[in-house]
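Here's the structure we're looking at; comments come further down.
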Amino acid sequence: MFLGPYNLWDIITVDEIPTLEITAIIFNLDEKLNHYFQHSHLPLKDNSIEYCKNENDKQVELLYFSISKVQLFFKGNPDSTKRKNQIEYLSNTLDHFVTWYDNNKLIIPKKAPELKWNKGIFFANQDFSIITIKDETYSLRPNQSKVVGLLFKNLTDELDGLSYWELARELDLTNNYNSKLSNYFKDSPRVGDLFNHSRRNGKYTLKT
């Protein structure tokens, strides 16, 4: 699961100037409701409330996913104070987003089925756009999601992995001389965060 910070995007007026405000909602057990706020401001430029909604939609989806993951852990150990604190933080953070959508007369994303895919330490939502390995949660870009989804299918079909060239052929990725999987996983997550790589056969498998 992902314990934040979660960023709530909004447009406010500062000194009579419309401004883009990003409010980080940060997990802290010493604070009331297990979190505190940290505000930052940027020039509004051409951004609109629709831009804020798109950003907040992503945060809400991540919250749904994390809540589902913590609830799963909590079900396995209902006496865990750690999981209770995490659920309280995540639930109250979601409340801030609910209020923002209500105030702007917008519809909050419906709670989609989460934790659709699971194998060992690996969890993913329906389209592999959000995944968790151990306690690390990542939001993936479309091509990253395609790679993870294909390797998950390969794993569940009990196959021995896929090389970059096989992935490129199946997913229509770049396949010139300098192409490699790390081109698609440059920051976070990196290739080593998600995949095992065999030097023997050059194939990648998903960490589970």
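By convention in this document, the chains of the structure tokens carry letters A, B, ... by their order, each chain's residues are numbered from 1, and ligands are numbered from 1 in the order they are shown.
Contact shell of Ser48 (chain A) at 12 Å (only C-alpha atoms; same-chain neighbours under 4 positions omitted): Trp9, Asp10, Ile11, Ile12, Pro18, Thr19, Leu20, Glu21, Pro43, Leu44, Cys52, Lys53, Asn54 and Glu55 of chain A.
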Can you write just those residues out, N, CA and C atoms, as a PDB file, in the first residue's frame?
```
ATOM      1  N   TRP A   9      -5.247  18.663  -5.105  1.00  0.00           N
ATOM      2  CA  TRP A   9      -5.071  19.809  -6.001  1.00  0.00           C
ATOM      3  C   TRP A   9      -6.301  20.686  -5.971  1.00  0.00           C
ATOM      4  N   ASP A  10      -6.072  22.015  -5.967  1.00  0.00           N
ATOM      5  CA  ASP A  10      -7.199  22.947  -5.915  1.00  0.00           C
ATOM      6  C   ASP A  10      -6.764  24.293  -6.513  1.00  0.00           C
ATOM      7  N   ILE A  11      -7.752  25.127  -6.786  1.00  0.00           N
ATOM      8  CA  ILE A  11      -7.489  26.497  -7.230  1.00  0.00           C
ATOM      9  C   ILE A  11      -8.035  27.444  -6.180  1.00  0.00           C
ATOM     10  N   ILE A  12      -7.175  28.281  -5.650  1.00  0.00           N
ATOM     11  CA  ILE A  12      -7.571  29.233  -4.626  1.00  0.00           C
ATOM     12  C   ILE A  12      -7.124  30.633  -5.049  1.00  0.00           C
ATOM     13  N   PRO A  18      -5.684  34.183  -8.764  1.00  0.00           N
ATOM     14  CA  PRO A  18      -5.971  32.742  -8.812  1.00  0.00           C
ATOM     15  C   PRO A  18      -4.673  31.938  -8.828  1.00  0.00           C
ATOM     16  N   THR A  19      -4.605  30.944  -7.965  1.00  0.00           N
ATOM     17  CA  THR A  19      -3.363  30.207  -7.749  1.00  0.00           C
ATOM     18  C   THR A  19      -3.649  28.715  -7.646  1.00  0.00           C
ATOM     19  N   LEU A  20      -2.728  27.909  -8.160  1.00  0.00           N
ATOM     20  CA  LEU A  20      -2.824  26.461  -8.035  1.00  0.00           C
ATOM     21  C   LEU A  20      -2.238  26.044  -6.692  1.00  0.00           C
ATOM     22  N   GLU A  21      -3.051  25.410  -5.868  1.00  0.00           N
ATOM     23  CA  GLU A  21      -2.591  24.968  -4.547  1.00  0.00           C
ATOM     24  C   GLU A  21      -2.513  23.448  -4.501  1.00  0.00           C
ATOM     25  N   PRO A  43       1.957  29.094  -9.965  1.00  0.00           N
ATOM     26  CA  PRO A  43       1.146  29.942 -10.861  1.00  0.00           C
ATOM     27  C   PRO A  43       0.074  29.103 -11.551  1.00  0.00           C
ATOM     28  N   LEU A  44      -1.094  29.654 -11.704  1.00  0.00           N
ATOM     29  CA  LEU A  44      -2.205  28.906 -12.290  1.00  0.00           C
ATOM     30  C   LEU A  44      -1.964  28.593 -13.763  1.00  0.00           C
ATOM     31  N   CYS A  52      -7.277  19.961 -12.025  1.00  0.00           N
ATOM     32  CA  CYS A  52      -7.235  19.510 -10.632  1.00  0.00           C
ATOM     33  C   CYS A  52      -7.987  18.195 -10.472  1.00  0.00           C
ATOM     34  N   LYS A  53      -9.125  18.083 -11.121  1.00  0.00           N
ATOM     35  CA  LYS A  53      -9.917  16.851 -11.031  1.00  0.00           C
ATOM     36  C   LYS A  53      -9.125  15.662 -11.565  1.00  0.00           C
ATOM     37  N   ASN A  54      -8.463  15.836 -12.686  1.00  0.00           N
ATOM     38  CA  ASN A  54      -7.679  14.739 -13.253  1.00  0.00           C
ATOM     39  C   ASN A  54      -6.584  14.280 -12.293  1.00  0.00           C
ATOM     40  N   GLU A  55      -5.920  15.258 -11.666  1.00  0.00           N
ATOM     41  CA  GLU A  55      -4.878  14.913 -10.698  1.00  0.00           C
ATOM     42  C   GLU A  55      -5.469  14.249  -9.458  1.00  0.00           C
TER      43      GLU A  55
END
```
**Q.** Atomic distance CA of Lys134 (chain A) - CA of Leu162 (chain A), expressed in Å with one decimal
**A.**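 Separating CA of Lys134 (chain A) from CA of Leu162 (chain A) is a distance of 22.7 Å.
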Q. If we count only C-alpha atoms, what is near region 188-194 of chain A at a cut-off of 8 Å, once residues fewer than 4 positions away on the same chain are taken out, given as a list in words?
A.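 Listed by chain and then number, they are Ile133, Tyr138, Leu181, Ser182, Leu206 and Lys207 of chain A.
Distance annotation: of A:Thr99, A:Ser179, A:Gln71, A:Gly161, the residue with the minimal separation from Ser198 (chain A) is A:Gly161; atom set is only C-alpha atoms.
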Q: From the DSSP assignment of the backbone, select every residue of region 86-160 of chain A that is helix (DSSP H, G or I), and format the answer as a PyMOL selection string.
A: chain A and resi 86-103+142-156
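CA of Phe195 (chain A) is found 29.2 Å from CA of Asn77 (chain A).
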Q: Could you check which of A:Leu90, A:Leu140, A:Ile49, A:Leu33 is closest to Pro5 (chain A), using only C-alpha atoms?
A: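 Smallest distance to Pro5 (chain A) is found for A:Leu90.
For Glu136 (chain A), the residues within 12 Å (counting only C-alpha atoms, excluding itself and residues fewer than 6 positions away along the chain) are Met1, Phe2, Leu3, Gly4, Ser66, Lys69, Ile121, Phe122, Phe123, Ala124, Ile130, Ser188, Pro189, Asp193 and Leu194 of chain A.
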Q: Considering only C-alpha atoms, return as number ranges by chain whatever protein or nucleic-acid residues lie within 12 Å of Lys153 (chain A), sequence-local ones (same chain, fewer than 5 positions apart) excluded.
A: A: 117-119, 128, 146-148, 158-162, 205-206
(Q) Need to verify the contact set: His39 (chain A), 8 Å, only C-alpha atoms, exclusion of same-chain residues closer than 2 positions in sequence. Can you return it as a list in words? (A)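 Surrounding residues, per the criterion: Glu21, Ile22, Thr23, Ala24, Phe37 and His41 of chain A.
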**Q.** Asp57 (chain A) environment, 8 Å, only C-alpha atoms, sequence neighbours closer than 4 positions dropped, as a PyMOL selection string
**A.** chain A and resi 53+61+108-109
N, CA and C atoms of the current selection, written as a PDB file, in the first residue's frame:
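What ended up in again-v4.pdb:
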```
ATOM      1  N   LYS A  53      -9.125  18.083 -11.121  1.00  0.00           N
ATOM      2  CA  LYS A  53      -9.917  16.851 -11.031  1.00  0.00           C
ATOM      3  C   LYS A  53      -9.125  15.662 -11.565  1.00  0.00           C
ATOM      4  N   GLU A  61      -7.877   7.046  -6.753  1.00  0.00           N
ATOM      5  CA  GLU A  61      -7.710   5.644  -7.150  1.00  0.00           C
ATOM      6  C   GLU A  61      -6.618   4.975  -6.322  1.00  0.00           C
ATOM      7  N   ILE A 108     -16.968  12.099  -7.582  1.00  0.00           N
ATOM      8  CA  ILE A 108     -15.750  11.391  -7.230  1.00  0.00           C
ATOM      9  C   ILE A 108     -15.707  10.064  -7.975  1.00  0.00           C
ATOM     10  N   PRO A 109     -14.529   9.608  -8.388  1.00  0.00           N
ATOM     11  CA  PRO A 109     -14.463   8.312  -9.075  1.00  0.00           C
ATOM     12  C   PRO A 109     -15.101   7.208  -8.250  1.00  0.00           C
TER      13      PRO A 109
END
```
Q: Report as a PyMOL selection string: the residues of region 39-205 of chain A with a DSSP assignment of strand (DSSP E or B), based on the backbone of this structure.
A: chain A and resi 39-43+117-119+122-124+130-133+136-139+162-163+195-197+203-205
